[in-house]
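Q: Below is work.txt; it holds compact mmCIF, C-alpha atoms and all ligand atoms.
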```
# COMPACT_ATOMS: atom_id res chain seq x y z
CA MET L 831 13.22 21.86 6.11
CA SER L 832 11.56 24.12 3.60
CA GLN L 833 7.97 23.70 2.60
CA GLY L 834 6.95 22.80 -0.97
CA SER L 835 3.78 23.89 -2.65
CA SER L 836 1.08 21.26 -2.93
CA GLU L 837 -1.03 23.23 -5.41
CA PRO L 838 -1.68 21.06 -8.44
CA VAL L 839 -0.09 22.22 -11.69
CA LEU L 840 -2.14 21.99 -14.88
CA GLY L 841 -0.81 19.00 -16.81
CA PHE L 842 2.17 16.67 -17.17
CA ARG L 843 3.50 18.97 -19.89
CA GLN L 844 4.08 21.70 -17.30
CA LEU L 845 6.11 19.49 -14.97
CA GLY L 846 9.36 19.64 -16.94
CA LEU L 847 9.18 16.10 -18.35
CA SER L 848 10.80 15.18 -21.66
CA PRO L 849 8.72 14.45 -24.80
CA ASP L 850 9.57 10.74 -24.40
CA ARG L 851 8.08 10.63 -20.91
CA LEU L 852 4.99 12.48 -22.12
CA LYS L 853 4.57 9.81 -24.78
CA ALA L 854 4.93 7.11 -22.13
CA LEU L 855 2.26 8.83 -20.01
CA ALA L 856 -0.08 9.06 -22.99
CA ASN L 857 0.54 5.38 -23.61
CA VAL L 858 -0.66 4.46 -20.10
CA ASN L 859 -3.53 6.97 -20.28
CA TYR L 860 -2.38 9.11 -17.39
CA GLU L 861 -3.94 12.38 -18.47
CA VAL L 862 -3.81 14.56 -15.38
CA PRO L 863 -1.08 14.47 -12.74
CA SER L 864 -2.21 13.69 -9.21
CA SER L 865 -1.43 16.20 -6.43
CA ILE L 866 1.73 14.41 -5.34
CA GLN L 867 2.90 14.16 -8.94
CA SER L 868 2.31 17.88 -9.62
CA ALA L 869 4.16 18.90 -6.51
CA PHE L 870 6.91 16.28 -6.37
CA ILE L 871 8.06 15.80 -9.96
CA PRO L 872 9.32 19.34 -10.74
CA GLU L 873 11.26 19.45 -7.45
CA ALA L 874 12.75 15.98 -7.80
CA LEU L 875 13.83 16.83 -11.35
CA THR L 876 16.06 19.60 -9.99
CA GLY L 877 18.11 16.92 -8.23
CA ARG L 878 17.35 18.03 -4.68
CA ASP L 879 16.37 15.77 -1.81
CA CYS L 880 12.60 15.60 -1.33
CA ILE L 881 10.22 14.13 1.21
CA GLY L 882 6.81 13.35 -0.22
CA GLN L 883 4.08 12.74 2.29
CA ALA L 884 1.52 10.74 0.36
CA ARG L 885 -0.29 7.47 0.66
CA THR L 886 -0.33 4.55 -1.70
CA GLY L 887 -3.14 5.07 -4.17
CA THR L 888 -2.26 8.70 -4.81
CA GLY L 889 0.12 8.03 -7.69
CA LYS L 890 3.27 8.34 -5.57
CA THR L 891 5.08 5.58 -7.49
CA ALA L 892 5.03 7.52 -10.76
CA ALA L 893 5.98 10.65 -8.78
CA PHE L 894 9.43 9.16 -8.13
CA CYS L 895 9.73 6.81 -11.14
CA LEU L 896 9.36 9.60 -13.69
CA PRO L 897 12.23 11.69 -12.23
CA ILE L 898 14.39 8.55 -12.01
CA LEU L 899 13.77 7.82 -15.68
CA GLU L 900 14.64 11.39 -16.58
CA LEU L 901 17.79 11.56 -14.47
CA ILE L 902 19.57 8.31 -15.26
CA ASP L 903 21.87 7.91 -18.23
CA GLU L 904 20.95 4.90 -20.33
CA ASP L 905 24.47 4.72 -21.79
CA GLU L 906 26.00 4.00 -18.38
CA PRO L 907 25.63 0.27 -17.70
CA HIS L 908 25.73 0.36 -13.90
CA VAL L 909 23.29 0.85 -11.04
CA GLN L 910 22.20 4.50 -10.97
CA ALA L 911 18.97 4.34 -8.99
CA LEU L 912 17.96 2.20 -6.02
CA VAL L 913 14.39 1.98 -4.72
CA LEU L 914 13.82 0.34 -1.32
CA THR L 915 10.33 -0.85 -0.44
CA PRO L 916 8.94 -2.61 2.66
CA THR L 917 7.42 -5.61 0.88
CA ARG L 918 8.13 -7.86 -2.05
CA GLU L 919 4.76 -7.11 -3.59
CA LEU L 920 5.41 -3.39 -3.48
CA SER L 921 8.81 -3.90 -5.13
CA ALA L 922 7.11 -5.82 -7.92
CA GLN L 923 4.53 -3.06 -8.35
CA VAL L 924 7.15 -0.34 -8.43
CA ALA L 925 9.14 -2.32 -11.01
CA ALA L 926 6.02 -2.79 -13.13
CA GLU L 927 5.12 0.91 -12.96
CA CYS L 928 8.69 1.96 -13.76
CA GLU L 929 8.86 -0.41 -16.74
CA LYS L 930 5.53 0.90 -18.01
CA LEU L 931 6.76 4.48 -17.77
CA ALA L 932 10.11 3.66 -19.38
CA PHE L 933 8.02 2.72 -22.43
CA THR L 934 10.39 2.76 -25.40
CA ARG L 935 13.44 3.74 -23.37
CA PRO L 936 15.96 0.88 -23.18
CA VAL L 937 16.49 0.95 -19.44
CA LYS L 938 17.58 -2.18 -17.56
CA PHE L 939 15.92 -3.17 -14.28
CA ALA L 940 16.54 -5.65 -11.52
CA CYS L 941 13.84 -6.46 -8.96
CA CYS L 942 15.67 -7.89 -5.97
CA VAL L 943 13.46 -9.33 -3.28
CA GLY L 944 13.64 -12.21 -0.83
CA GLY L 945 11.78 -15.43 -1.52
CA LYS L 946 12.95 -15.50 -5.16
CA THR L 947 16.05 -17.20 -6.46
CA ILE L 948 18.93 -14.82 -6.10
CA GLN L 949 20.75 -16.05 -9.22
CA ARG L 950 18.34 -14.36 -11.63
CA GLN L 951 18.77 -11.10 -9.71
CA ILE L 952 22.55 -11.49 -9.81
CA ASP L 953 22.33 -12.04 -13.58
CA ASP L 954 20.14 -8.95 -14.03
CA ILE L 955 22.62 -6.81 -12.09
CA ARG L 956 25.62 -8.22 -13.99
CA ARG L 957 23.86 -7.52 -17.28
CA GLY L 958 24.03 -3.84 -16.40
CA ALA L 959 20.84 -3.06 -14.45
CA GLN L 960 20.49 0.71 -14.10
CA ILE L 961 17.50 0.73 -11.77
CA VAL L 962 17.41 -1.70 -8.84
CA ILE L 963 14.21 -2.09 -6.87
CA GLY L 964 14.09 -4.29 -3.81
CA THR L 965 13.52 -5.03 -0.18
CA PRO L 966 16.30 -4.06 2.26
CA GLY L 967 17.25 -7.62 3.31
CA ARG L 968 17.93 -8.83 -0.21
CA ILE L 969 19.77 -5.64 -1.14
CA ILE L 970 22.09 -6.14 1.84
CA ASP L 971 22.62 -9.75 0.73
CA LEU L 972 23.62 -8.60 -2.76
CA LEU L 973 25.92 -5.93 -1.33
CA THR L 974 27.58 -8.48 0.97
CA ARG L 975 28.16 -10.82 -1.97
CA ARG L 976 29.75 -7.87 -3.78
CA VAL L 977 27.41 -8.36 -6.72
CA LEU L 978 25.76 -5.02 -6.21
CA SER L 979 27.85 -1.89 -6.17
CA LEU L 980 26.33 1.45 -5.30
CA ASP L 981 29.44 3.46 -6.19
CA GLY L 982 27.83 5.03 -9.26
CA LEU L 983 24.46 5.60 -7.62
CA LYS L 984 22.69 8.89 -8.39
CA ILE L 985 19.31 8.46 -6.69
CA VAL L 986 18.09 6.44 -3.75
CA VAL L 987 14.37 6.22 -2.98
CA LEU L 988 12.92 5.13 0.37
CA ASP L 989 9.37 4.16 -0.48
CA GLU L 990 6.84 3.82 2.35
CA ALA L 991 9.57 4.78 4.78
CA ASP L 992 7.20 4.72 7.76
CA ARG L 993 6.29 1.11 7.09
CA MET L 994 9.90 0.08 6.49
CA LEU L 995 10.81 1.42 9.91
CA ASP L 996 7.68 -0.11 11.51
CA ILE L 997 8.71 -3.56 10.40
CA GLY L 998 12.24 -3.21 11.67
CA PHE L 999 14.24 -2.37 8.55
CA ARG L 1000 15.98 0.59 10.14
CA PRO L 1001 19.42 -1.06 10.61
CA ASP L 1002 19.35 -2.44 7.06
CA ILE L 1003 18.30 0.90 5.58
CA GLU L 1004 21.06 2.71 7.43
CA LYS L 1005 23.62 0.14 6.33
CA ILE L 1006 22.53 0.62 2.71
CA LEU L 1007 22.50 4.42 2.93
CA ARG L 1008 26.01 4.39 4.35
CA ARG L 1009 27.12 2.45 1.27
CA CYS L 1010 25.64 5.07 -1.10
CA PRO L 1011 27.85 7.91 -2.39
CA THR L 1012 27.45 11.15 -0.43
CA GLU L 1013 26.84 13.02 -3.66
CA ARG L 1014 23.46 11.50 -4.39
CA GLN L 1015 19.83 12.49 -4.41
CA THR L 1016 17.60 10.96 -1.73
CA LEU L 1017 13.83 10.81 -2.18
CA LEU L 1018 11.67 9.66 0.71
CA LEU L 1019 8.00 8.79 0.39
CA SER L 1020 5.88 8.12 3.43
CA ALA L 1021 2.21 8.20 4.37
CA THR L 1022 3.10 9.56 7.79
CA LEU L 1023 6.15 11.26 9.24
CA PRO L 1024 6.53 9.98 12.79
CA GLY L 1025 9.69 10.73 14.81
CA PRO L 1026 11.78 7.80 13.53
CA VAL L 1027 11.17 8.82 9.88
CA GLU L 1028 12.02 12.45 10.66
CA ARG L 1029 15.24 11.32 12.35
CA LEU L 1030 16.19 9.14 9.41
CA ALA L 1031 15.55 12.05 7.04
CA HIS L 1032 17.52 14.42 9.23
CA ARG L 1033 20.47 12.07 9.33
CA TYR L 1034 20.67 10.94 5.72
CA MET L 1035 19.09 13.71 3.62
CA ARG L 1036 20.44 17.11 2.67
CA ASP L 1037 18.07 19.99 3.38
CA PRO L 1038 15.11 18.05 2.02
CA LEU L 1039 12.13 19.83 0.59
CA ARG L 1040 8.98 18.60 2.23
CA ILE L 1041 5.97 18.09 0.00
CA ASP L 1042 2.83 17.20 1.89
CA VAL L 1043 -0.30 16.35 0.00
CA SER L 1044 -1.66 14.04 2.67
CA ALA L 1045 -4.03 16.76 3.82
CA ASN L 1046 -5.76 16.54 0.46
CA GLN L 1047 -7.17 13.22 1.66
CA VAL L 1048 -7.30 12.10 -1.96
CA VAL L 1049 -8.06 8.54 -1.06
CA VAL L 1050 -10.06 8.93 2.09
CA GLU L 1051 -12.63 11.21 0.54
CA THR L 1052 -13.51 8.77 -2.18
CA VAL L 1053 -14.23 5.99 0.29
CA ASP L 1054 -17.56 5.58 2.10
CA GLN L 1055 -16.58 4.40 5.53
CA TYR L 1056 -18.68 2.67 8.19
CA TYR L 1057 -18.14 0.82 11.39
CA VAL L 1058 -20.00 -2.37 12.14
CA SER L 1059 -20.83 -3.15 15.75
CA VAL L 1060 -20.34 -6.84 16.17
CA ASP L 1061 -20.17 -9.49 18.86
CA GLY L 1062 -16.90 -11.39 18.84
CA ASP L 1063 -18.72 -14.66 18.23
CA ARG L 1064 -20.80 -13.25 15.38
CA LYS L 1065 -18.02 -11.92 13.22
CA LEU L 1066 -18.19 -14.66 10.62
CA SER L 1067 -21.94 -14.56 10.20
CA THR L 1068 -21.78 -10.77 10.12
CA LEU L 1069 -19.19 -10.97 7.35
CA ALA L 1070 -21.52 -13.27 5.43
CA ARG L 1071 -24.38 -10.87 5.88
CA LEU L 1072 -22.28 -7.88 4.87
CA LEU L 1073 -21.09 -9.59 1.70
CA TYR L 1074 -24.66 -10.58 0.93
CA GLN L 1075 -25.92 -7.05 1.38
CA GLU L 1076 -23.01 -5.26 -0.32
CA ARG L 1077 -22.12 -7.64 -3.15
CA PRO L 1078 -18.54 -6.43 -3.56
CA ARG L 1079 -16.89 -6.72 -6.94
CA GLN L 1080 -13.63 -7.53 -5.18
CA ALA L 1081 -12.85 -7.18 -1.51
CA ILE L 1082 -9.88 -7.36 0.81
CA VAL L 1083 -10.66 -8.65 4.28
CA PHE L 1084 -8.01 -7.53 6.75
CA CYS L 1085 -7.05 -9.58 9.78
CA ARG L 1086 -4.63 -8.57 12.47
CA THR L 1087 -2.57 -11.78 12.64
CA LYS L 1088 -1.34 -14.42 10.21
CA ARG L 1089 -3.05 -17.11 12.28
CA GLY L 1090 -6.29 -15.16 12.25
CA ALA L 1091 -6.05 -14.76 8.47
CA ASP L 1092 -5.46 -18.51 8.02
CA ALA L 1093 -8.34 -19.39 10.33
CA LEU L 1094 -10.72 -17.09 8.51
CA HIS L 1095 -9.53 -18.40 5.17
CA ASN L 1096 -10.17 -21.99 6.26
CA ARG L 1097 -13.68 -21.17 7.35
CA MET L 1098 -14.61 -19.00 4.39
CA SER L 1099 -13.16 -21.16 1.67
CA LYS L 1100 -15.49 -23.95 2.82
CA LYS L 1101 -18.43 -21.66 2.13
CA LEU L 1102 -17.40 -19.68 -0.92
CA PRO L 1103 -15.37 -20.04 -4.10
CA GLY L 1104 -12.78 -17.39 -5.03
CA VAL L 1105 -11.36 -16.89 -1.53
CA ALA L 1106 -7.62 -16.71 -0.86
CA ALA L 1107 -5.31 -15.56 1.90
CA ILE L 1108 -2.03 -13.70 1.73
CA HIS L 1109 0.43 -13.05 4.53
CA GLY L 1110 4.12 -12.99 5.26
CA ASP L 1111 4.43 -16.67 6.26
CA LEU L 1112 3.43 -17.92 2.81
CA ALA L 1113 6.14 -18.89 0.34
CA GLN L 1114 6.83 -16.19 -2.22
CA ASN L 1115 5.58 -18.30 -5.13
CA VAL L 1116 2.26 -18.78 -3.31
CA ARG L 1117 2.03 -15.03 -2.63
CA ASP L 1118 2.75 -14.30 -6.29
CA ARG L 1119 0.15 -16.80 -7.45
CA VAL L 1120 -2.51 -15.39 -5.13
CA MET L 1121 -1.78 -11.83 -6.29
CA LYS L 1122 -1.97 -12.89 -9.93
CA GLN L 1123 -5.33 -14.57 -9.35
CA PHE L 1124 -6.58 -11.53 -7.48
CA ARG L 1125 -5.48 -9.23 -10.29
CA GLU L 1126 -7.19 -11.46 -12.84
CA GLY L 1127 -10.38 -11.43 -10.78
CA LYS L 1128 -10.28 -15.19 -10.13
CA VAL L 1129 -9.98 -14.42 -6.44
CA ARG L 1130 -12.82 -12.18 -5.29
CA LEU L 1131 -12.12 -12.12 -1.59
CA LEU L 1132 -8.59 -11.73 -0.42
CA ILE L 1133 -7.86 -12.20 3.27
CA ALA L 1134 -4.73 -10.28 4.18
CA THR L 1135 -2.60 -9.06 7.03
CA ASP L 1136 -1.35 -5.47 7.18
CA VAL L 1137 2.24 -5.90 6.12
CA VAL L 1138 1.38 -7.67 2.89
CA GLY L 1139 -2.03 -6.16 2.34
CA ARG L 1140 -0.89 -2.61 2.33
CA GLY L 1141 1.21 -3.07 -0.81
CA ILE L 1142 -1.68 -4.44 -2.82
CA ASP L 1143 -2.46 -2.25 -5.78
CA VAL L 1144 -5.44 -3.69 -7.59
CA THR L 1145 -7.69 -1.06 -9.04
CA SER L 1146 -10.88 -3.14 -9.05
CA VAL L 1147 -11.05 -3.50 -5.25
CA SER L 1148 -14.46 -2.11 -4.31
CA HIS L 1149 -14.63 -3.04 -0.63
CA ILE L 1150 -12.26 -3.13 2.31
CA ILE L 1151 -13.45 -5.05 5.33
CA ASN L 1152 -11.53 -4.68 8.55
CA TYR L 1153 -12.52 -7.99 10.11
CA ASP L 1154 -10.21 -7.04 12.96
CA VAL L 1155 -9.94 -3.40 13.93
CA PRO L 1156 -6.42 -2.24 12.95
CA GLU L 1157 -3.87 -2.11 15.73
CA TYR L 1158 -2.48 1.24 14.62
CA CYS L 1159 -4.50 4.14 13.26
CA ASP L 1160 -2.08 4.53 10.36
CA ASP L 1161 -2.84 0.98 9.34
CA TYR L 1162 -6.47 2.01 9.01
CA VAL L 1163 -5.54 4.72 6.53
CA HIS L 1164 -3.31 2.32 4.61
CA ARG L 1165 -5.94 -0.39 4.55
CA ILE L 1166 -8.70 1.77 3.19
CA GLY L 1167 -6.26 3.27 0.70
CA ARG L 1168 -6.55 -0.05 -1.17
CA THR L 1169 -9.86 1.15 -2.59
CA GLY L 1170 -11.30 4.41 -3.93
CA ARG L 1171 -8.34 4.64 -6.25
CA LEU L 1172 -7.24 7.35 -8.61
CA SER L 1173 -9.72 6.09 -11.14
CA GLY L 1174 -12.23 8.01 -9.02
CA GLU L 1175 -14.48 4.99 -8.56
CA ALA L 1176 -16.29 4.80 -5.26
CA GLY L 1177 -14.90 2.51 -2.61
CA PHE L 1178 -16.40 1.22 0.62
CA ALA L 1179 -14.75 0.41 3.90
CA PHE L 1180 -16.24 -1.41 6.88
CA THR L 1181 -14.58 -1.82 10.23
CA PHE L 1182 -15.80 -4.51 12.60
CA VAL L 1183 -15.73 -3.20 16.14
CA THR L 1184 -16.58 -5.25 19.21
CA ARG L 1185 -17.88 -3.66 22.36
CA GLU L 1186 -14.42 -3.75 23.92
CA GLU L 1187 -12.86 -1.95 20.95
CA GLY L 1188 -14.79 1.31 21.20
CA GLU L 1189 -11.65 3.22 22.15
CA GLN L 1190 -9.76 2.00 19.08
CA LEU L 1191 -12.62 3.20 16.91
CA THR L 1192 -12.44 6.62 18.56
CA ASN L 1193 -8.69 6.78 17.93
CA ILE L 1194 -9.25 6.05 14.25
CA GLU L 1195 -11.89 8.76 14.07
CA ILE L 1196 -9.47 11.23 15.62
CA ARG L 1197 -6.77 10.18 13.14
CA ILE L 1198 -9.00 10.70 10.08
CA ASN L 1199 -10.82 13.63 11.65
CA LYS L 1200 -14.18 12.19 10.80
CA LEU L 1201 -16.94 10.36 12.68
CA LEU L 1202 -17.78 7.03 11.12
CA PRO L 1203 -21.46 6.18 10.83
CA GLN L 1204 -22.66 2.81 12.03
CA TYR L 1205 -23.58 0.36 9.30
CA GLN L 1206 -27.16 -0.82 9.48
CA PHE L 1207 -28.18 -4.27 8.35
CA ASP L 1208 -31.63 -5.01 6.98
CA GLY L 1209 -33.24 -7.34 9.53
CA TYR L 1210 -30.06 -8.70 11.05
CA GLU L 1211 -28.44 -8.12 14.42
CA SER L 1212 -24.69 -8.26 14.41
CA CYS L 1213 -24.53 -7.75 18.16
CA ARG L 1214 -26.71 -8.81 21.03
CA ARG L 1215 -25.07 -6.49 23.52
CA PRO L 1216 -24.96 -2.69 23.38
CA PRO L 1217 -22.73 -1.58 20.47
CA ALA L 1218 -19.19 -0.20 20.69
CA LYS L 1219 -20.52 3.32 20.65
CA PRO L 1220 -24.07 4.63 20.57
CA ALA L 1221 -25.40 4.66 17.04
CA VAL L 1222 -27.04 7.77 15.68
CA ALA L 1223 -30.15 5.71 15.03
CA PRO L 1224 -31.52 3.70 17.99
CA PRO L 1225 -29.81 0.31 18.27
CA ALA L 1226 -31.63 -2.53 16.58
CA GLN L 1227 -33.73 -4.90 18.64
CA VAL L 1228 -31.73 -7.63 20.24
CA SER L 1229 -32.44 -11.07 18.88
CA ALA L 1230 -31.97 -14.06 21.12
CA THR L 1231 -31.33 -16.49 18.29
CA GLU L 1232 -28.15 -16.81 16.23
CA PRO L 1233 -29.05 -15.71 12.70
CA ASP L 1234 -29.09 -18.37 10.04
CA GLU L 1235 -26.00 -17.85 7.90
CA ALA L 1236 -26.65 -20.50 5.32
CA GLU L 1237 -28.92 -18.34 3.24
CA GLU L 1238 -26.38 -15.47 3.09
CA TRP L 1239 -23.42 -17.62 2.08
CA ALA L 1240 -25.49 -19.27 -0.59
CA ALA L 1241 -26.35 -15.92 -2.11
CA VAL L 1242 -22.96 -14.18 -1.91
P1 LIG L 1301 0.30 4.45 -6.49
O1 LIG L 1301 -0.16 5.44 -5.49
O2 LIG L 1301 1.61 4.81 -7.06
O3 LIG L 1301 0.25 3.05 -5.94
O4 LIG L 1301 -0.72 4.51 -7.75
C1 LIG L 1301 -2.05 4.09 -7.68
C2 LIG L 1301 -2.61 3.73 -9.04
O5 LIG L 1301 -2.85 4.90 -9.83
C3 LIG L 1301 -1.72 2.85 -9.90
O6 LIG L 1301 -2.52 1.83 -10.44
C4 LIG L 1301 -1.19 3.77 -10.99
O7 LIG L 1301 -0.96 3.04 -12.18
C5 LIG L 1301 -2.32 4.77 -11.14
N1 LIG L 1301 -1.87 6.15 -11.52
C6 LIG L 1301 -0.77 6.80 -11.10
N2 LIG L 1301 -0.72 8.06 -11.59
C7 LIG L 1301 -1.83 8.23 -12.35
C8 LIG L 1301 -2.37 9.32 -13.12
N3 LIG L 1301 -1.76 10.49 -13.18
N4 LIG L 1301 -3.54 9.11 -13.77
C9 LIG L 1301 -4.18 7.91 -13.68
N5 LIG L 1301 -3.74 6.85 -12.98
C10 LIG L 1301 -2.58 6.99 -12.31
```
Give the structure from this file in structure tokens form.
A:
Amino acid sequence: MSQGSSEPVLGFRQLGLSPDRLKALANVNYEVPSSIQSAFIPEALTGRDCIGQARTGTGKTAAFCLPILELIDEDEPHVQALVLTPTRELSAQVAAECEKLAFTRPVKFACCVGGKTIQRQIDDIRRGAQIVIGTPGRIIDLLTRRVLSLDGLKIVVLDEADRMLDIGFRPDIEKILRRCPTERQTLLLSATLPGPVERLAHRYMRDPLRIDVSANQVVVETVDQYYVSVDGDRKLSTLARLLYQERPRQAIVFCRTKRGADALHNRMSKKLPGVAAIHGDLAQNVRDRVMKQFREGKVRLLIATDVVGRGIDVTSVSHIINYDVPEYCDDYVHRIGRTGRLSGEAGFAFTFVTREEGEQLTNIEIRINKLLPQYQFDGYESCRRPPAKPAVAPPAQVSATEPDEAEEWAAV
């Protein structure tokens, strides 16, 4: 695979976009292309296969939506571009971004995800959808029903390919790719390129150009990150104290399991208004409602699991709290990518680490190539026992009494 340049180009005007797209960009106030956009768009516009290594939050969606909008023919009423995403929420976000960037262009879309009635999606496709965005399971369903035909497809995009493979979509993705014409352009976006993603690319892409802007650490550098040493039985009171001290505008609290997220939601919603949970076991209409409320600011604290949480794109998220240390280091990067967005606003990330989880913290530090400082509370001990790893400052005095949470919750 050849290497692409990741040097940013000056402005959108230099990327080879049409005057209509430039107007659409002006309309959404995107003034300067992000690194992935500068590097990816001109290459994708040539029609060649490209692998973009970039995280969510770096503007990767527009990096592939703009070339799609340039390359499809609006006079051909059949499916010309297919975007596969790992989650329903991400599909919805991609569809929204693509529609925004289509601006005055009369392009037809279909967003095809599970958990929604299929009939509306069938209608959208039959009405001549040119861009189909969806999750692999539902796309297979539509192919099997012979509603969706990929015969006239020009571009296929695998968005967040690493996550799609992580959650077991490999057989579905391969089935879909085998149904696409050989003469097509394949674009693959992924935060990381582990072996399975490389193998998928090798098998289904033609001499792809690799564009890696992940080293720019666009997101990570704009996030102040700390770890919080905590006793397992003090996590909830520590969360209360952290919220009290930090006063987040909006926060996502990540849990490792759906059950854990539900349990935390039950406990927190008794103490605070504006708390909601989102995870893969909830019905799609509930997930949609929660996301809408979060976007509107009615929900201030969103408790999420990784699979669903990683697709969340809400620019006002100021704090990420890893209530459970992430199982995989890549999840850490994805979780904190929910804040410190392109807007350049500061974001904060806190990772709760129990004494037994010191090794996981070290692995994260190796992954991000950065030592996390320990968060210090004013007059509160989050752990009675020695912390997960020695703090730079001497550990706080151990208190024998459980701190009184009531005051914190009342003030959050
Ligand atoms: P993404 O990485 O695609 O999820 O994008 C993250 C956020 O940045 C989204 O809210 C986009 O609307 C926004 N965005 C994308 N490109 C730009 C840009 N060039 N300038 C400003 N905002 C952007």
Q: Pick out the residues no farther than 6 Å from ligand LIG 1301 (chain L), counting all atoms listed in the file, and list them as an MDAnalysis selection string.
A: chainID L and resid 860:864 886:892 1143 1172
Q: To one decimal in Å, tell me the separation between atom CA of L:Ile1150 and atom CA of L:Met994.
A: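 About the pair atom CA of L:Ile1150 and atom CA of L:Met994: they are 22.8 Å apart.
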Q: By how many Å are atom CA of L:Tyr1153 and atom CA of L:Lys1065 apart?
A: 7.4 Å
Q: So which residues touch L:Thr1068 within 12 Å, counting only C-alpha atoms, skipping near sequence neighbours fewer than 4 positions away, as a count of residues only?
A: 35
Q: Tell me, in Å to one decimal, how far atom CA of L:Gln1204 is from atom CA of L:Tyr1057.
A: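 Interatomic distance here is 5.0 Å.
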Q: Which residue is closest to L:Leu1007? Choose from L:Cys942, L:Leu914, L:Val1083, L:Arg1071 and count only C-alpha atoms.
A: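 Checking each candidate against L:Leu1007, we get L:Leu914 as the closest.
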Q: Which neighbours of L:Arg1086 fall inside 12 Å, counting only C-alpha atoms, when residues of the same chain fewer than 6 positions from it are skipped, and could you give them as a VMD selection string?
A: chain L and resid 1092 to 1094 1109 1133 to 1139 1151 to 1158 1161 to 1162 1165 1182
Q: Near L:Ile969, counting all atoms listed in the file, which residues have an atom at most 12 Å away, once you skip same-chain residues fewer than 2 positions from it, shown as number ranges by chain?
A: L: 912-916, 918, 921, 940-944, 948, 951-952, 955, 962-967, 971-980, 999, 1002-1003, 1005-1007, 1009
Q: Restricted to C-alpha atoms, what would the selected residues look like written as a compact mmCIF listing (two decimals), in the coordinates of the input?
A:
```txt
# COMPACT_ATOMS: atom_id res chain seq x y z
CA LEU L 912 17.96 2.20 -6.02
CA VAL L 913 14.39 1.98 -4.72
CA LEU L 914 13.82 0.34 -1.32
CA THR L 915 10.33 -0.85 -0.44
CA PRO L 916 8.94 -2.61 2.66
CA ARG L 918 8.13 -7.86 -2.05
CA SER L 921 8.81 -3.90 -5.13
CA ALA L 940 16.54 -5.65 -11.52
CA CYS L 941 13.84 -6.46 -8.96
CA CYS L 942 15.67 -7.89 -5.97
CA VAL L 943 13.46 -9.33 -3.28
CA GLY L 944 13.64 -12.21 -0.83
CA ILE L 948 18.93 -14.82 -6.10
CA GLN L 951 18.77 -11.10 -9.71
CA ILE L 952 22.55 -11.49 -9.81
CA ILE L 955 22.62 -6.81 -12.09
CA VAL L 962 17.41 -1.70 -8.84
CA ILE L 963 14.21 -2.09 -6.87
CA GLY L 964 14.09 -4.29 -3.81
CA THR L 965 13.52 -5.03 -0.18
CA PRO L 966 16.30 -4.06 2.26
CA GLY L 967 17.25 -7.62 3.31
CA ASP L 971 22.62 -9.75 0.73
CA LEU L 972 23.62 -8.60 -2.76
CA LEU L 973 25.92 -5.93 -1.33
CA THR L 974 27.58 -8.48 0.97
CA ARG L 975 28.16 -10.82 -1.97
CA ARG L 976 29.75 -7.87 -3.78
CA VAL L 977 27.41 -8.36 -6.72
CA LEU L 978 25.76 -5.02 -6.21
CA SER L 979 27.85 -1.89 -6.17
CA LEU L 980 26.33 1.45 -5.30
CA PHE L 999 14.24 -2.37 8.55
CA ASP L 1002 19.35 -2.44 7.06
CA ILE L 1003 18.30 0.90 5.58
CA LYS L 1005 23.62 0.14 6.33
CA ILE L 1006 22.53 0.62 2.71
CA LEU L 1007 22.50 4.42 2.93
CA ARG L 1009 27.12 2.45 1.27
```
Q: Please return as a ChimeraX atom specification every residue within 7 Å of (-16.9, 11.3, 17.3), taking into account only C-alpha atoms and the file's own coordinates.
A: /L:1192,1195,1201
